[in-house]
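**Student:** Sharing a structure here in structure tokens format.
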Amino acid sequence: MILETKKLVKEFGKLLATNNVSFSVNKGDIHAIIGPNGAGKSTFFNLITGYHIPDSGKVFFKGKEITKLPSYRRCRLGITRSFQITSIYPKLTVYESILMALLSRHRVTLNLFSSADKYFREEVWSILEDVGLADQAHVNGDSISHGDKKRLELAVTLGTKPELLLLDEPTCGMSPEETESIMAMIKNLVDKKGLTILFTEHDMGVVFGIARRISVLHQGSMIADGTPEEVRASEEVQKVYLGGAA
Amino acid sequence: MSFDVLFNQFLSGIARGSMLFLVASGLSLTFGVLRVLNFAHGSLYMLGAFLTYSIWKWLLIPVYGFYVATLLSALVIAGIGLLIEYSILRRLYARGWPEQLLATYALILIITDTVKWFWGGEFLSIPRPEPFTKAVFLFGFPFPSYNFFIIILGLVLVFFLWWLVYKTRLGDIIRAAAHDRDMVSALGIPIPWLFTSIFVLGAFIAGLSGAVTAPYGSIALGMDIEIIVECFAVVVIGGMGSLPGTLLGSFIVGQVYSFGIMYKPELALAFIFMVMAIVLIIRPWGIFGRPER
Amino acid sequence: MEANTTDKKSSWLKSGWWLILLVAAGLAAPYVISEFYLLILGEALIMSLFALSFNLLFGHMGQLPFGQAAFYGLGGYGIAMLLTKYQMNFWLSFVAGIGLAALAGLIIGIFCVRLRGIYFSILTLAFGQLIFVIIYKWHDFTGGDDGIQGVFPPEFLKTSVSYYYFVLLVFCIAAFILWRITHSPFGYILKAMRENSERTEFLGVPIARYQLIAFVISAAFAGLAGALWAPFYRSVAPSTLIWIKSGEPVMATILGGAGLFFGPVLGTFIITFFHAYILGFTHFWPIIMGTLILIVIFFLPGGVLGFIKEKLDNRKKRGQQS
Amino acid sequence: AQAGTPALKADTKTPAPKAAVKADAKDPIRLGAIWDYAGPCYMLSESAVQGIKIAVDEINAKGGIIGRKIDLIVRDTEMKVDVGARETKDLILREKVHFLIGPCSSGVALAVQVVQAESKVLRITCMANTEAQVVDKFTPYVAQVVPNTYMEAIAATRFMNKKYPAAKKFCTIAPDYEFGRREEAAFAEEIKRLVPDSEILYQAWPKPGEKDFTSFITAIMAQKPDAVHSSLFGGDLVAFTKQAAPYGFFEKIPFIALYDLPVFVALGNDAPDGVMAFGRGCFFMDPNPKMMEFVDKYRKARGAYPDSWAVQAYDSVYLLKAAVEKAKSSDTEKVIVAMEGITLDSLRGKFTIRPLDHMGSVPCYQGVIAKDPNYPFKIWKDVVRVPGDQVWRSEEGVREVWKKTGVTR
Amino acid sequence: MMIELKDIHTYYGTSHILFGISMHVEEGESVCLLGRNGAGKTTTLKSIIGLTPPKKGNIRFQGKEIAGRPPYRIARMGVGFVPDDRRIFPDLTVRQNILLAKKDREGSIWNLDRVYSLFPKLKDLDSNMGGHLSGGEQQMLTIARTLMTNPSLLLLDEPGEGLAPLVVKAMGEQLMEIKKLGVTMLICEHNVGLAMSLSDRAYIMDKGAIRYQGTISDLKANEEIRKKYLMV
Ligand SMILES: Nc1ncnc2c1ncn2[C@@H]1O[C@H](COP(=O)(O)OP(=O)(O)OP(=O)(O)O)[C@@H](O)[C@H]1O
Ligand SMILES: Nc1ncnc2c1ncn2[C@@H]1O[C@H](COP(=O)(O)OP(=O)(O)OP(=O)(O)O)[C@@H](O)[C@H]1O
Ligand SMILES: [Mg+2]
Ligand SMILES: [Mg+2]
């Protein structure tokens, strides 16, 4: 078990966005969280990554409590996220963006006097190859296409060498072709690099295509949790969310 | 200290606060919508004061000449605002805010020098207009009636701006445009026109506040720089772009200053900045401001 | 799209020969120009350093501080007070002046780095004014409006030429250090924070702390500029730390080009020399400066140096194509 | 003049006779005017430079000083110490001036003083009147023809004491900078001497350029003082006066401040009759024939009445003339020696430069505000002229300060 | 003819994105614009609404040239744009967001009640701040807001993005209804199924140029094209 939450609660005014959610993610799993719009998926992610602090409840990562740690500390422990709306460095090149992640991970960021260009060339290039952005290495982040931005975002995320990767709608806005390739990439990462992935998605093709475990949120509460088959079979899930889509 | 003394000091603070509010509200309004912190707001205020003097002098209308001059000069300043928005700021909206800030900073230099050129360095003064020449008595203590005029004007402005921003559709548009002008435009709302009118309104307020200070104290070079920093303090304490914040900020700065003068006159000015620092340490976005993220 | 990305290394800015040329020109200056212009040159170097300190935060980290003059002034006041009031050794006072600025930077920075954008600017402005008011009002200790006079450098630096060489030396060392910083991993992280600070936080960077470090470095270099300035004209006064002074590096930087390391230097040189020249004719200098700023904003969006670089790059591109 | 030197040349409205120009074209005496064309100093500087120009033109028309014409070069400090120091260097290095006159702000003056003393160039100070220039930070390269802060405050305090001998409880209000601080310190010293059991209840320090005095006014009135001493002047005094009047301030509390010509022009009928005033010497304070002649000249040139600033600047040029003529040279050291002890018949009557500290025994004036049908503004009545040597710090007093500040002479 | 694009070229700064796009949509027709990521679909829509005006070429809306006009004028003529990045006004409530766009014209069909019945979820969120909505809620709000301008031509950029399957289905039905009311639509969508179910004709773009055009049934029949550009 790599991640565990216990009775997490988060309220926004009167709205109970996360309601007593306890769940866990196993190491090496591909775990999806699904649920209707506004169910509280992103909020839940935010609680895990430290963007929000829960009103009550606890979060554990590899057995260590991280409920109130600031985001960057969590990241150093090995939790990384991507954003639902792509969040990249508009005026840095693709190469530099990835370099940033490596600099941070190797903790050389307090080095004030050596030249940053020297660092980690090979590692950056290998990540670029991994995500298929090598030919755009020196293009600025804001002038690559939507799909490539998503890839870049993943690449930057990978640069921090996470153990747990949280992806908020990774294929949102992707063409079917791109979706395929991203899915393949994710699978590859889990199999080859031993990552654990927790993601949300509205594309049931993707969810049922790669997830090994699925949790369903509805109005802040966890209403189902299990293998894809179990979830597909759940009547409640069909009613509030799938409506026959899967 | 007896009650009447404290009360009177409180009233002085209110008068000062009202004056600050008059100036700061225009600054806050333009910032709220255009997201342009208009450094030159103080300069427009100064220009308003000088213009009022000249128009008043030229009109030579005996009793109510001042009011006519005030209105006229506020209108002229609004016109200058139009010119500034149309010829300078409009071209910079697409650019970063540092450039906008610098452009308005450049305007300070230009306007100040122009004032120097036209009016020289003389300090000018207008006598208080009727019916505000005398004092009224509160608890047996005299209080200048012109200060009441300023306070009332401040209240009228508060109400007007509050109504404009929170109670009208225009207000909704203003707040929407503050965030995403392209999208507002794509919904069929003429953005350039909106921005121009807000800036012009801000300039009008600057001119108006400059005009009403004319009979209050003296009109002199440097009055722009003097007021603008205090207005920043007001706006920052209250929360930038927030109308209630500007009101509260003016009140706080006015009182802090007034009682600071009473108890520790050397530090009165420092108190303002200390209060500002304290507020920002506790609430970095000001009392009514909202965090950006 | 980017044909010349691979040869970035050999781009004109990095090719170095022009730097050597400039330093040589700097060394030769006392033999070429009149004493007055040597003075202005020295001043331009000091103000350039001030602008570079500003641009570390603005151009490289993406935060616009509007209270830099406070640190600049504190550097000057530090050296001036220790030298004249406590008769301390010049070099000790010099270092203490920088230390004072850095310390103030640390204290103020703690509060400022939590904010972004214009809020950051305004808060730095506010703290700058607070320091100004304190120095201005603390008449018995700081001399209030009078300032402090009689800040003399050691005997061998008293002539214009020797002090000029001293300034040149300090400037070169400081500029080199800043240049290294901006190209170091730390400098890259600053750049990342400029582009997207939220994202950077999720890379595991404690952004507030890094901004604070940058803030302190910037304050220290501003203090260095101030500590160089005070003995230059033998005095300091509160007007060196009023907010208007904070506007000067902003103008210089945007004029020269914030995106390039030497942009602020060029901007400062333009302003300083232009100013010295213009003041001879007229005291309507601000109106000319204001117009100049507007012209640059409108017609040279990347600043003068940015404009030159673009022209050169274009020419190069054309050269490669043909 | 060197051709092409960028400098604001004195525009000679009354060109010198051709013959005279030719005869004296050799080696003019170069006079640098360094002034603060900004903020509250702008107008004062304009007046002063006008006074200097009139004097220079007059002298040049009569053939100059020891047969040499005067070249006037004007520079602006923007009221900033750094610019002031640099412009001083510029005047000395590039324009090679022999003498300096100026500036307005005390802070700028002290910065200018370091530079100019180091370069050994003589400066006449006729507006910035901080005592520090001649006492605390004495240098032989400065001479002062304006009553310094000490003299001015002592004279004003004595005047007030004579009018209101029973007053024991005082408040003060003064602009918060060198000038105001020093004036009020001298006031405190003198009032203790005159009325040993007196007491200063409250001191207000508005920043220069303050526009809103209401809080200060109510704070002062709350103290119920017997009298208020103030060194407010210019626009600040205008604002203060207008804001204090509705409170009945001037009816209730005896008040003295630097009410001079520009303030009266700005205030018009709002100037409070019967209030005490002190000043540095314009025509209604000292309407001697020489002064009135100057008034005519000035009005012809500028279409306005000259204020004290113009008068003192005019006197400065004549002091230089007298000293150079006595020394028969423009050499700084010789001129300084010649100047020590010299007596000048100025617009303000005769005064002498004290050899010890180069302070002129210039008069201080006090009076009471009143209407006068001859002028479109209010002026003074019951004027008192106090010669400088009655109020200045004694030679022992000066030496005592020097002991503290380390000046040796 | 509702809208006609003739050989338009659009740039972002100096980078050339659209290379001579020509297309048209008839009145009452519904057309989809398909293609890979980065093909230029969004840019085409932005060129029409005026957010990235084309440097060259003509755009005629109901016979009037609109290329180069500011967006608010184009919108006022009856073009409604639903951006893919939502662009909700965060400081306004849901209701204010919707009413802001309100524009009555002849034959107006949309009002507050009607959009609320289209997206019932929004009605529950009526007084919530726009900035606090979830991704999908924002998407609904964006569409609702644009409908309030009562457009005669609706430009939809990925309307289904980020919506739950149930909602996508409901929205598809609603859009069908809108279409029946005579609103012309131009849709960009990666969900090819949704896109094809809504449209009469399709254009396929790649690298800034139109590669294919035809009716939906033609496209369904043409496996080669579908494989090549759409992977389905
Ligand atoms: N800062 C906030 N303040 C108030 N309400 C909020 C805030 N953030 C989110 N909410 C509300 O909390 C609920 C859950 O939002 P969340 O973003 O977690 O949904 P989600 O499951 O990610 O939905 P989607 O699939 O549409 O992205 C929504 O109804 C939203 O309006
Ligand atoms: N702001 C921008 N600056 C520079 N280039 C841009 C910008 N926005 C988009 N582009 C480029 O324009 C091209 C077309 O982008 P566009 O967004 O129109 O594609 P799209 O077909 O909508 O893709 P998607 O399906 O991913 O939304 C892309 O190659 C992209 O890199
Ligand atoms: Mg979400
Ligand atoms: Mg798109």
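In the structure tokens, chains take letters A, B, ... by order of appearance, with residues numbered from 1 within each chain and ligands from 1 in the order shown.
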For ligand 1, collect every residue having any atom at a distance of at most 6 Å from a ligand atom (counting only C-alpha atoms and all ligand atoms); output as a list of chain:residue names.
**Tutor:** A:Phe12, A:Ala17, A:Pro36, A:Asn37, A:Gly38, A:Ala39, A:Gly40, A:Lys41, A:Ser42, A:Thr43, E:His132, E:Leu133, E:Ser134, E:Gly135, E:Gly136, E:Glu137
**Student:** Store the residues picked out above in a file with N, CA, C and O atoms, as an mmCIF file, in the first residue's frame.
**Tutor:**
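Below you can see out.cif, which holds the result:
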data_model
loop_
_atom_site.group_PDB
_atom_site.id
_atom_site.type_symbol
_atom_site.label_atom_id
_atom_site.label_comp_id
_atom_site.auth_asym_id
_atom_site.auth_seq_id
_atom_site.Cartn_x
_atom_site.Cartn_y
_atom_site.Cartn_z
ATOM 1 N N PHE A 12 -16.381 23.223 1.435
ATOM 2 C CA PHE A 12 -16.306 24.581 0.893
ATOM 3 C C PHE A 12 -17.593 25.273 1.286
ATOM 4 O O PHE A 12 -18.637 25.024 0.691
ATOM 5 N N ALA A 17 -17.353 18.779 -0.141
ATOM 6 C CA ALA A 17 -16.737 18.347 -1.400
ATOM 7 C C ALA A 17 -16.069 16.987 -1.245
ATOM 8 O O ALA A 17 -16.004 16.210 -2.185
ATOM 9 N N PRO A 36 -19.311 11.661 -11.402
ATOM 10 C CA PRO A 36 -19.927 12.745 -12.182
ATOM 11 C C PRO A 36 -19.174 14.060 -11.990
ATOM 12 O O PRO A 36 -18.362 14.185 -11.090
ATOM 13 N N ASN A 37 -19.502 15.013 -12.835
ATOM 14 C CA ASN A 37 -18.894 16.334 -12.688
ATOM 15 C C ASN A 37 -19.245 16.913 -11.336
ATOM 16 O O ASN A 37 -20.391 16.851 -10.901
ATOM 17 N N GLY A 38 -18.228 17.473 -10.692
ATOM 18 C CA GLY A 38 -18.472 18.074 -9.387
ATOM 19 C C GLY A 38 -18.538 17.064 -8.267
ATOM 20 O O GLY A 38 -18.947 17.383 -7.162
ATOM 21 N N ALA A 39 -18.119 15.827 -8.545
ATOM 22 C CA ALA A 39 -18.196 14.802 -7.515
ATOM 23 C C ALA A 39 -17.137 15.019 -6.445
ATOM 24 O O ALA A 39 -17.245 14.516 -5.335
ATOM 25 N N GLY A 40 -16.106 15.737 -6.792
ATOM 26 C CA GLY A 40 -15.053 15.992 -5.804
ATOM 27 C C GLY A 40 -13.743 15.307 -6.133
ATOM 28 O O GLY A 40 -12.889 15.163 -5.267
ATOM 29 N N LYS A 41 -13.558 14.918 -7.376
ATOM 30 C CA LYS A 41 -12.340 14.211 -7.752
ATOM 31 C C LYS A 41 -11.121 15.126 -7.676
ATOM 32 O O LYS A 41 -10.106 14.788 -7.067
ATOM 33 N N SER A 42 -11.256 16.276 -8.305
ATOM 34 C CA SER A 42 -10.111 17.193 -8.291
ATOM 35 C C SER A 42 -9.808 17.645 -6.877
ATOM 36 O O SER A 42 -8.652 17.768 -6.481
ATOM 37 N N THR A 43 -10.856 17.876 -6.120
ATOM 38 C CA THR A 43 -10.654 18.277 -4.733
ATOM 39 C C THR A 43 -9.880 17.204 -3.987
ATOM 40 O O THR A 43 -8.951 17.502 -3.229
ATOM 41 N N HIS E 132 -15.271 28.677 -8.528
ATOM 42 C CA HIS E 132 -15.265 27.518 -7.647
ATOM 43 C C HIS E 132 -15.873 26.272 -8.279
ATOM 44 O O HIS E 132 -15.972 25.243 -7.624
ATOM 45 N N LEU E 133 -16.289 26.392 -9.513
ATOM 46 C CA LEU E 133 -16.939 25.236 -10.136
ATOM 47 C C LEU E 133 -15.924 24.171 -10.512
ATOM 48 O O LEU E 133 -14.755 24.455 -10.735
ATOM 49 N N SER E 134 -16.384 22.946 -10.608
ATOM 50 C CA SER E 134 -15.511 21.874 -11.082
ATOM 51 C C SER E 134 -15.349 22.013 -12.584
ATOM 52 O O SER E 134 -16.059 22.775 -13.244
ATOM 53 N N GLY E 135 -14.396 21.244 -13.121
ATOM 54 C CA GLY E 135 -14.106 21.346 -14.548
ATOM 55 C C GLY E 135 -15.343 21.168 -15.417
ATOM 56 O O GLY E 135 -15.623 21.971 -16.306
ATOM 57 N N GLY E 136 -16.097 20.137 -15.136
ATOM 58 C CA GLY E 136 -17.265 19.850 -15.957
ATOM 59 C C GLY E 136 -18.360 20.896 -15.788
ATOM 60 O O GLY E 136 -19.025 21.281 -16.757
ATOM 61 N N GLU E 137 -18.507 21.351 -14.569
ATOM 62 C CA GLU E 137 -19.516 22.379 -14.322
ATOM 63 C C GLU E 137 -19.182 23.647 -15.106
ATOM 64 O O GLU E 137 -20.059 24.320 -15.648
#
**Student:** Could the residues that lie within 8 Å of ligand 2, counting only C-alpha atoms and all ligand atoms, be listed as a PyMOL selection string?
**Tutor:** (chain A and resi 142-147+173-175) or (chain E and resi 11-13+15+17-18+34-44+84+157-158+188-190+205-208)
**Student:** Mind checking which residues fall within 8 Å of stretch 162-172 of chain E, counting only C-alpha atoms, ignoring those fewer than 4 positions away in the same chain, and posting them as an MDAnalysis selection string?
**Tutor:** (chainID A and resid 35:37 169 172:173 201:204 241:243 245) or (chainID E and resid 118 135:136 139 176 194 198)
**Student:** Pick the closest to chain A from C:Tyr188, C:Tyr119, C:Phe54, C:Phe132: which is it, counting only C-alpha atoms?
**Tutor:**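 Result for the nearest residue to chain A: C:Tyr188.
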**Student:** So that I can check the surroundings of E:Glu27, please list as a VMD selection string every protein, DNA and RNA residue that reaches within 8 Å of it, counting only C-alpha atoms and ignoring chain neighbours fewer than 3 positions away.
**Tutor:** chain E and resid 1 to 2 182 to 184
**Student:** Show which residues sit within 12 Å of D:Glu396, as an MDAnalysis selection string. Count only C-alpha atoms, and ignore same-chain residues fewer than 4 positions away.
**Tutor:** chainID D and resid 135 356:357 392 400:403
**Student:** Only all heavy atoms, please: the residues just picked out, written as an mmCIF file, in the first residue's frame.
**Tutor:**
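Everything below was put into selection_26.cif:
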data_model
loop_
_atom_site.group_PDB
_atom_site.id
_atom_site.type_symbol
_atom_site.label_atom_id
_atom_site.label_comp_id
_atom_site.auth_asym_id
_atom_site.auth_seq_id
_atom_site.Cartn_x
_atom_site.Cartn_y
_atom_site.Cartn_z
ATOM 1 N N VAL D 135 28.279 76.789 10.889
ATOM 2 C CA VAL D 135 28.695 76.451 12.236
ATOM 3 C C VAL D 135 29.136 74.992 12.334
ATOM 4 O O VAL D 135 30.322 74.698 12.269
ATOM 5 C CB VAL D 135 27.592 76.792 13.252
ATOM 6 C CG1 VAL D 135 28.049 76.463 14.658
ATOM 7 C CG2 VAL D 135 27.241 78.267 13.162
ATOM 8 N N LEU D 356 35.125 85.083 11.446
ATOM 9 C CA LEU D 356 35.233 83.769 12.076
ATOM 10 C C LEU D 356 34.496 82.685 11.291
ATOM 11 O O LEU D 356 35.068 81.652 10.949
ATOM 12 C CB LEU D 356 34.669 83.833 13.494
ATOM 13 C CG LEU D 356 34.713 82.488 14.229
ATOM 14 C CD1 LEU D 356 36.131 82.116 14.586
ATOM 15 C CD2 LEU D 356 33.826 82.519 15.465
ATOM 16 N N ASP D 357 33.223 82.910 10.996
ATOM 17 C CA ASP D 357 32.431 81.826 10.398
ATOM 18 C C ASP D 357 31.790 82.223 9.069
ATOM 19 O O ASP D 357 30.987 81.478 8.519
ATOM 20 C CB ASP D 357 31.348 81.381 11.381
ATOM 21 C CG ASP D 357 30.438 82.521 11.782
ATOM 22 O OD1 ASP D 357 30.708 83.672 11.364
ATOM 23 O OD2 ASP D 357 29.461 82.275 12.506
ATOM 24 N N TRP D 392 22.872 86.730 16.350
ATOM 25 C CA TRP D 392 23.649 85.557 15.962
ATOM 26 C C TRP D 392 24.374 84.939 17.132
ATOM 27 O O TRP D 392 24.537 85.530 18.192
ATOM 28 C CB TRP D 392 24.565 85.852 14.772
ATOM 29 C CG TRP D 392 25.687 86.859 15.004
ATOM 30 C CD1 TRP D 392 26.169 87.313 16.195
ATOM 31 C CD2 TRP D 392 26.447 87.511 13.982
ATOM 32 N NE1 TRP D 392 27.177 88.192 16.000
ATOM 33 C CE2 TRP D 392 27.382 88.338 14.645
ATOM 34 C CE3 TRP D 392 26.431 87.480 12.586
ATOM 35 C CZ2 TRP D 392 28.295 89.122 13.945
ATOM 36 C CZ3 TRP D 392 27.346 88.258 11.905
ATOM 37 C CH2 TRP D 392 28.269 89.073 12.592
ATOM 38 N N GLU D 400 32.316 76.870 20.593
ATOM 39 C CA GLU D 400 31.863 75.758 21.423
ATOM 40 C C GLU D 400 31.311 74.619 20.543
ATOM 41 O O GLU D 400 31.620 73.459 20.749
ATOM 42 C CB GLU D 400 30.756 76.251 22.347
ATOM 43 C CG GLU D 400 30.921 75.826 23.792
ATOM 44 C CD GLU D 400 30.043 76.693 24.659
ATOM 45 O OE1 GLU D 400 28.842 76.381 24.746
ATOM 46 O OE2 GLU D 400 30.558 77.710 25.204
ATOM 47 N N VAL D 401 30.470 75.033 19.580
ATOM 48 C CA VAL D 401 29.915 74.013 18.679
ATOM 49 C C VAL D 401 31.050 73.345 17.902
ATOM 50 O O VAL D 401 31.072 72.125 17.730
ATOM 51 C CB VAL D 401 28.898 74.635 17.695
ATOM 52 C CG1 VAL D 401 28.340 73.571 16.776
ATOM 53 C CG2 VAL D 401 27.784 75.324 18.444
ATOM 54 N N TRP D 402 31.966 74.129 17.450
ATOM 55 C CA TRP D 402 33.085 73.579 16.681
ATOM 56 C C TRP D 402 33.854 72.531 17.475
ATOM 57 O O TRP D 402 34.310 71.548 16.935
ATOM 58 C CB TRP D 402 34.045 74.715 16.262
ATOM 59 C CG TRP D 402 33.510 75.509 15.125
ATOM 60 C CD1 TRP D 402 32.375 75.274 14.452
ATOM 61 C CD2 TRP D 402 34.101 76.669 14.542
ATOM 62 N NE1 TRP D 402 32.185 76.202 13.476
ATOM 63 C CE2 TRP D 402 33.248 77.086 13.504
ATOM 64 C CE3 TRP D 402 35.248 77.407 14.786
ATOM 65 C CZ2 TRP D 402 33.513 78.198 12.707
ATOM 66 C CZ3 TRP D 402 35.519 78.512 13.990
ATOM 67 C CH2 TRP D 402 34.649 78.912 12.965
ATOM 68 N N LYS D 403 33.977 72.808 18.765
ATOM 69 C CA LYS D 403 34.684 71.840 19.612
ATOM 70 C C LYS D 403 33.980 70.491 19.527
ATOM 71 O O LYS D 403 34.599 69.444 19.419
ATOM 72 C CB LYS D 403 34.697 72.346 21.059
ATOM 73 C CG LYS D 403 36.124 72.485 21.619
ATOM 74 C CD LYS D 403 36.083 72.919 23.062
ATOM 75 C CE LYS D 403 36.629 74.322 23.231
ATOM 76 N NZ LYS D 403 36.092 75.007 24.414
#
